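The next block is upload18.pdb, given as PDB, C-alpha atoms and all ligand atoms.
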```pdb
ATOM      1  CA  MET A 280      15.636  69.522  50.726
ATOM      2  CA  SER A 281      15.446  69.281  46.951
ATOM      3  CA  LEU A 282      14.953  72.511  45.089
ATOM      4  CA  LEU A 283      13.159  71.862  41.842
ATOM      5  CA  LYS A 284      12.863  74.895  39.645
ATOM      6  CA  PRO A 285       9.148  75.700  39.593
ATOM      7  CA  SER A 286       7.441  76.049  36.218
ATOM      8  CA  LEU A 287       4.146  77.597  35.139
ATOM      9  CA  ARG A 288       2.502  74.257  35.904
ATOM     10  CA  THR A 289       3.986  73.728  39.371
ATOM     11  CA  PRO A 290       1.210  73.806  41.957
ATOM     12  CA  PHE A 291       1.712  76.265  44.806
ATOM     13  CA  HIS A 292      -0.113  76.719  48.072
ATOM     14  CA  ILE A 293       0.227  78.633  51.335
ATOM     15  CA  ASP A 294       2.475  76.600  53.572
ATOM     16  CA  PHE A 295       1.107  77.484  56.998
ATOM     17  CA  ALA A 296       4.009  75.640  58.631
ATOM     18  CA  TRP A 297       6.286  78.248  57.041
ATOM     19  CA  TRP A 298       4.414  80.990  58.889
ATOM     20  CA  VAL A 299       4.737  79.232  62.208
ATOM     21  CA  GLU A 300       8.457  78.684  61.628
ATOM     22  CA  ASN A 301       9.282  82.097  60.230
ATOM     23  CA  ASP A 302       7.005  84.646  61.792
ATOM     24  CA  ARG A 303       6.492  84.696  65.517
ATOM     25  CA  ASP A 304       3.726  87.241  65.091
ATOM     26  CA  TRP A 305       1.861  85.396  62.388
ATOM     27  CA  HIS A 306      -1.326  85.472  64.482
ATOM     28  CA  VAL A 307      -1.231  89.263  64.378
ATOM     29  CA  TYR A 308      -0.991  89.250  60.588
ATOM     30  CA  PHE A 309      -3.776  86.726  60.112
ATOM     31  CA  ARG A 310      -6.022  88.600  62.527
ATOM     32  CA  SER A 311      -5.509  91.732  60.431
ATOM     33  CA  LEU A 312      -7.128  89.888  57.499
ATOM     34  CA  LEU A 313     -10.366  89.300  59.402
ATOM     35  CA  CYS A 314     -13.428  91.332  58.479
ATOM     36  CA  PRO A 315     -14.563  93.844  61.158
ATOM     37  CA  GLU A 316     -17.299  91.463  62.310
ATOM     38  CA  HIS A 317     -14.873  88.597  62.899
ATOM     39  CA  GLN A 318     -12.287  90.928  64.465
ATOM     40  CA  GLN A 319     -14.880  91.477  67.175
ATOM     41  CA  LEU A 320     -16.254  87.938  67.346
ATOM     42  CA  LEU A 321     -12.818  86.352  67.623
ATOM     43  CA  ALA A 322     -11.122  89.017  69.733
ATOM     44  CA  ASP A 323     -10.958  86.655  72.711
ATOM     45  CA  LEU A 324     -10.168  83.459  70.800
ATOM     46  CA  PRO A 325      -6.996  82.001  72.325
ATOM     47  CA  GLU A 326      -4.094  81.637  69.878
ATOM     48  CA  GLY A 327      -3.753  78.162  68.496
ATOM     49  CA  THR A 328      -7.437  77.221  68.769
ATOM     50  CA  MET A 329      -8.040  74.600  66.088
ATOM     51  CA  VAL A 330     -11.327  73.923  64.324
ATOM     52  CA  ASP A 331     -12.362  71.430  61.645
ATOM     53  CA  TRP A 332     -12.120  72.724  58.100
ATOM     54  CA  ILE A 333     -13.993  70.791  55.431
ATOM     55  CA  ASP A 334     -12.094  70.886  52.169
ATOM     56  CA  PRO A 335     -14.684  72.137  49.649
ATOM     57  CA  LYS A 336     -13.355  69.924  46.847
ATOM     58  CA  THR A 337     -12.543  66.639  48.551
ATOM     59  CA  ALA A 338     -14.893  66.946  51.579
ATOM     60  CA  GLU A 339     -11.886  65.862  53.626
ATOM     61  CA  VAL A 340     -11.889  67.217  57.187
ATOM     62  CA  ARG A 341      -8.637  68.837  58.351
ATOM     63  CA  PRO A 342      -7.873  70.761  61.513
ATOM     64  CA  VAL A 343      -7.000  74.407  60.824
ATOM     65  CA  ASP A 344      -6.340  77.410  63.006
ATOM     66  CA  GLY A 345      -9.585  79.118  64.083
ATOM     67  CA  ILE A 346      -8.543  82.451  62.581
ATOM     68  CA  GLN A 347      -7.594  80.852  59.247
ATOM     69  CA  HIS A 348     -10.921  79.070  59.251
ATOM     70  CA  ALA A 349     -12.874  82.314  59.675
ATOM     71  CA  ILE A 350     -10.837  83.965  56.917
ATOM     72  CA  MET A 351     -11.276  81.099  54.451
ATOM     73  CA  SER A 352     -14.957  80.515  55.185
ATOM     74  CA  HIS A 353     -16.082  84.139  55.402
ATOM     75  CA  CYS A 354     -13.770  87.168  55.393
ATOM     76  CA  ALA A 355     -11.835  86.242  52.222
ATOM     77  CA  LEU A 356     -15.119  85.877  50.348
ATOM     78  CA  LEU A 357     -16.144  89.492  50.904
ATOM     79  CA  PRO A 358     -15.906  91.648  47.757
ATOM     80  CA  ASP A 359     -13.186  94.035  48.999
ATOM     81  CA  PHE A 360     -10.800  91.297  50.104
ATOM     82  CA  LEU A 361      -9.063  91.120  46.745
ATOM     83  CA  THR A 362      -9.221  93.886  44.153
ATOM     84  CA  GLU A 363      -7.197  94.860  41.089
ATOM     85  CA  HIS A 364      -5.304  97.305  43.322
ATOM     86  CA  THR A 365      -4.008  94.604  45.653
ATOM     87  CA  ALA A 366      -0.201  94.258  45.391
ATOM     88  CA  LEU A 367       0.939  91.169  43.476
ATOM     89  CA  VAL A 368       2.293  89.009  46.291
ATOM     90  CA  GLU A 369      -0.606  89.938  48.520
ATOM     91  CA  ALA A 370      -3.068  89.160  45.708
ATOM     92  CA  VAL A 371      -1.533  85.723  45.142
ATOM     93  CA  PHE A 372      -1.648  85.021  48.865
ATOM     94  CA  ARG A 373      -5.257  86.117  49.033
ATOM     95  CA  ILE A 374      -6.544  83.967  46.176
ATOM     96  CA  PHE A 375      -5.385  80.954  48.171
ATOM     97  CA  LEU A 376      -7.374  82.174  51.145
ATOM     98  CA  VAL A 377     -10.390  82.704  48.889
ATOM     99  CA  ASN A 378     -10.191  79.168  47.474
ATOM    100  CA  GLY A 379      -9.497  77.426  50.780
ATOM    101  CA  ASN A 380      -5.783  76.977  49.967
ATOM    102  CA  GLN A 381      -6.341  74.577  47.083
ATOM    103  CA  PRO A 382      -3.034  74.073  45.258
ATOM    104  CA  MET A 383      -2.916  76.211  42.118
ATOM    105  CA  SER A 384      -0.380  76.662  39.325
ATOM    106  CA  VAL A 385       1.048  80.008  38.245
ATOM    107  CA  GLU A 386      -1.014  79.711  35.044
ATOM    108  CA  GLU A 387      -4.203  79.427  37.062
ATOM    109  CA  MET A 388      -3.204  82.322  39.340
ATOM    110  CA  SER A 389      -2.468  84.431  36.287
ATOM    111  CA  ASN A 390      -5.910  83.682  34.829
ATOM    112  CA  GLN A 391      -7.682  84.490  38.066
ATOM    113  CA  LEU A 392      -5.743  87.654  38.827
ATOM    114  CA  HIS A 393      -5.329  88.912  35.246
ATOM    115  CA  ARG A 394      -1.643  89.511  35.920
ATOM    116  CA  PRO A 395       1.281  88.226  33.811
ATOM    117  CA  ALA A 396       2.243  84.626  34.569
ATOM    118  CA  ALA A 397       5.951  85.351  34.008
ATOM    119  CA  THR A 398       5.936  88.005  36.742
ATOM    120  CA  ILE A 399       4.150  85.726  39.203
ATOM    121  CA  LEU A 400       6.525  82.851  38.448
ATOM    122  CA  ARG A 401       9.605  85.055  38.820
ATOM    123  CA  THR A 402       8.357  86.281  42.191
ATOM    124  CA  LEU A 403       7.440  82.849  43.533
ATOM    125  CA  SER A 404      10.507  80.993  42.271
ATOM    126  CA  GLY A 405      13.077  83.409  43.721
ATOM    127  CA  PRO A 406      15.173  82.585  46.774
ATOM    128  CA  ARG A 407      12.869  84.432  49.125
ATOM    129  CA  VAL A 408       9.602  82.880  50.300
ATOM    130  CA  TYR A 409       6.804  85.439  50.315
ATOM    131  CA  ARG A 410       3.820  84.956  52.627
ATOM    132  CA  GLY A 411       4.524  81.221  52.912
ATOM    133  CA  LEU A 412       3.789  80.710  49.198
ATOM    134  CA  ARG A 413       5.680  77.547  48.323
ATOM    135  CA  PRO A 414       5.395  74.706  45.810
ATOM    136  CA  PHE A 415       2.882  72.115  46.889
ATOM    137  CA  LEU A 416       4.635  68.766  47.157
ATOM    138  CA  GLU A 417       2.209  65.891  47.516
ATOM    139  CA  ALA A 418       4.716  63.400  48.826
ATOM    140  CA  ARG A 419       5.885  65.706  51.552
ATOM    141  CA  PRO A 420       5.706  64.278  55.056
ATOM    142  CA  GLU A 421       3.207  65.922  57.380
ATOM    143  CA  GLU A 422       4.590  68.911  59.188
ATOM    144  CA  HIS A 423       3.007  69.349  62.552
ATOM    145  CA  VAL A 424       2.914  72.655  64.321
ATOM    146  CA  ASP A 425       3.783  71.002  67.642
ATOM    147  CA  SER A 426       7.083  69.704  66.254
ATOM    148  CA  VAL A 427       8.420  73.252  65.797
ATOM    149  CA  GLN A 428      11.433  73.914  67.988
ATOM    150  CA  VAL A 429      11.328  77.036  70.119
ATOM    151  CA  PRO A 430      14.936  78.312  70.082
ATOM    152  CA  ASP A 431      15.136  79.743  73.585
ATOM    153  CA  ALA A 432      13.035  77.143  75.383
TER     154      ALA A 432
HETATM  155 ZN    ZN B 501     -15.499  87.419  58.454
END
```
Can you present the structure in this file as structure tokens?
Ligand SMILES: [Zn+2]
Amino acid sequence: MSLLKPSLRTPFHIDFAWWVENDRDWHVYFRSLLCPEHQQLLADLPEGTMVDWIDPKTAEVRPVDGIQHAIMSHCALLPDFLTEHTALVEAVFRIFLVNGNQPMSVEEMSNQLHRPAATILRTLSGPRVYRGLRPFLEARPEEHVDSVQVPDA
């Protein structure tokens, strides 16, 4: 894996494969982001249910997790989802949910969040990956959820 030092122009996105690999309970976290209405509506949705997500910019259809779909198409668009009081990492994570996980540079995040670009860059370019926020690499081979190894299987 090549580690290029990210710059202010490096596009980032939420790498959902990171969540699957690094957080066994990622469904619990994503469910906590649902609005009260969707918490109820999707309470019985089996984990791993995929639905078609239509990329708002390219009109490309991609399969996404049903919970992520509800968040990106509804819950993240509610006014209280992201406020000026939201902690930095959480705010960065949430703008990607609001915009349907379109790759965005630190400069763009800084403009949208009105927070200093240098602070965002320092946070995102450190050794630790927060909330699956990683540089978006176009040439990267597809990572499929079903290729993830379960250690004790
Ligand atoms: Zn909702």
Within 10 Å of ligand ZN 501 (chain B): each chain A residue with its shortest pair, all atoms listed in the file, as a Markdown table:
```
| residue | atom | partner | partner_atom | distance |
| --- | --- | --- | --- | --- |
| A:Leu312 | CA | B:ZN501 | ZN | 8.8 |
| A:Leu313 | CA | B:ZN501 | ZN | 5.5 |
| A:Cys314 | CA | B:ZN501 | ZN | 4.4 |
| A:Pro315 | CA | B:ZN501 | ZN | 7.0 |
| A:Glu316 | CA | B:ZN501 | ZN | 5.9 |
| A:His317 | CA | B:ZN501 | ZN | 4.6 |
| A:Gln318 | CA | B:ZN501 | ZN | 7.7 |
| A:Gln319 | CA | B:ZN501 | ZN | 9.6 |
| A:Leu320 | CA | B:ZN501 | ZN | 8.9 |
| A:Leu321 | CA | B:ZN501 | ZN | 9.6 |
| A:Ile346 | CA | B:ZN501 | ZN | 9.5 |
| A:His348 | CA | B:ZN501 | ZN | 9.6 |
| A:Ala349 | CA | B:ZN501 | ZN | 5.9 |
| A:Ile350 | CA | B:ZN501 | ZN | 6.0 |
| A:Met351 | CA | B:ZN501 | ZN | 8.6 |
| A:Ser352 | CA | B:ZN501 | ZN | 7.7 |
| A:His353 | CA | B:ZN501 | ZN | 4.5 |
| A:Cys354 | CA | B:ZN501 | ZN | 3.5 |
| A:Ala355 | CA | B:ZN501 | ZN | 7.3 |
| A:Leu356 | CA | B:ZN501 | ZN | 8.3 |
| A:Leu357 | CA | B:ZN501 | ZN | 7.9 |
```
Just want the 9 Å neighbourhood of segment 412-415 of chain A, counted on only C-alpha atoms, with same-chain residues fewer than 2 positions away dropped. Output as a PDB file with C-alpha atoms, in the frame of the given file.
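Once written, result_24.pdb looks like this:
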```
ATOM      1  CA  PRO A 285       9.148  75.700  39.593  1.00  0.00           C
ATOM      2  CA  THR A 289       3.986  73.728  39.371  1.00  0.00           C
ATOM      3  CA  PRO A 290       1.210  73.806  41.957  1.00  0.00           C
ATOM      4  CA  PHE A 291       1.712  76.265  44.806  1.00  0.00           C
ATOM      5  CA  HIS A 292      -0.113  76.719  48.072  1.00  0.00           C
ATOM      6  CA  ILE A 293       0.227  78.633  51.335  1.00  0.00           C
ATOM      7  CA  ASP A 294       2.475  76.600  53.572  1.00  0.00           C
ATOM      8  CA  PHE A 295       1.107  77.484  56.998  1.00  0.00           C
ATOM      9  CA  TRP A 297       6.286  78.248  57.041  1.00  0.00           C
ATOM     10  CA  VAL A 368       2.293  89.009  46.291  1.00  0.00           C
ATOM     11  CA  VAL A 371      -1.533  85.723  45.142  1.00  0.00           C
ATOM     12  CA  PHE A 372      -1.648  85.021  48.865  1.00  0.00           C
ATOM     13  CA  PRO A 382      -3.034  74.073  45.258  1.00  0.00           C
ATOM     14  CA  MET A 383      -2.916  76.211  42.118  1.00  0.00           C
ATOM     15  CA  SER A 384      -0.380  76.662  39.325  1.00  0.00           C
ATOM     16  CA  LEU A 403       7.440  82.849  43.533  1.00  0.00           C
ATOM     17  CA  SER A 404      10.507  80.993  42.271  1.00  0.00           C
ATOM     18  CA  VAL A 408       9.602  82.880  50.300  1.00  0.00           C
ATOM     19  CA  TYR A 409       6.804  85.439  50.315  1.00  0.00           C
ATOM     20  CA  ARG A 410       3.820  84.956  52.627  1.00  0.00           C
ATOM     21  CA  GLU A 417       2.209  65.891  47.516  1.00  0.00           C
ATOM     22  CA  ARG A 419       5.885  65.706  51.552  1.00  0.00           C
TER      23      ARG A 419
END
```
Which value, in Å to one decimal, gives the distance between atom CA of Leu287 of chain A and atom CA of Glu386 of chain A?
-> 5.6 Å
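Counting from atom CA of Arg288 of chain A, the distance to atom CA of Val385 of chain A is 6.4 Å.
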Please identify all polymer residues within 8 Å of Ile399 of chain A, counting all atoms listed in the file, omitting same-chain residues fewer than 5 positions from it, and present them as a PyMOL selection string.
-> chain A and resi 367+385+389+394
Could the residues in this selection be written to a file with C-alpha atoms, as a PDB file, keeping the file's coordinate frame?
```
ATOM      1  CA  LEU A 367       0.939  91.169  43.476  1.00  0.00           C
ATOM      2  CA  VAL A 385       1.048  80.008  38.245  1.00  0.00           C
ATOM      3  CA  SER A 389      -2.468  84.431  36.287  1.00  0.00           C
ATOM      4  CA  ARG A 394      -1.643  89.511  35.920  1.00  0.00           C
TER       5      ARG A 394
END
```
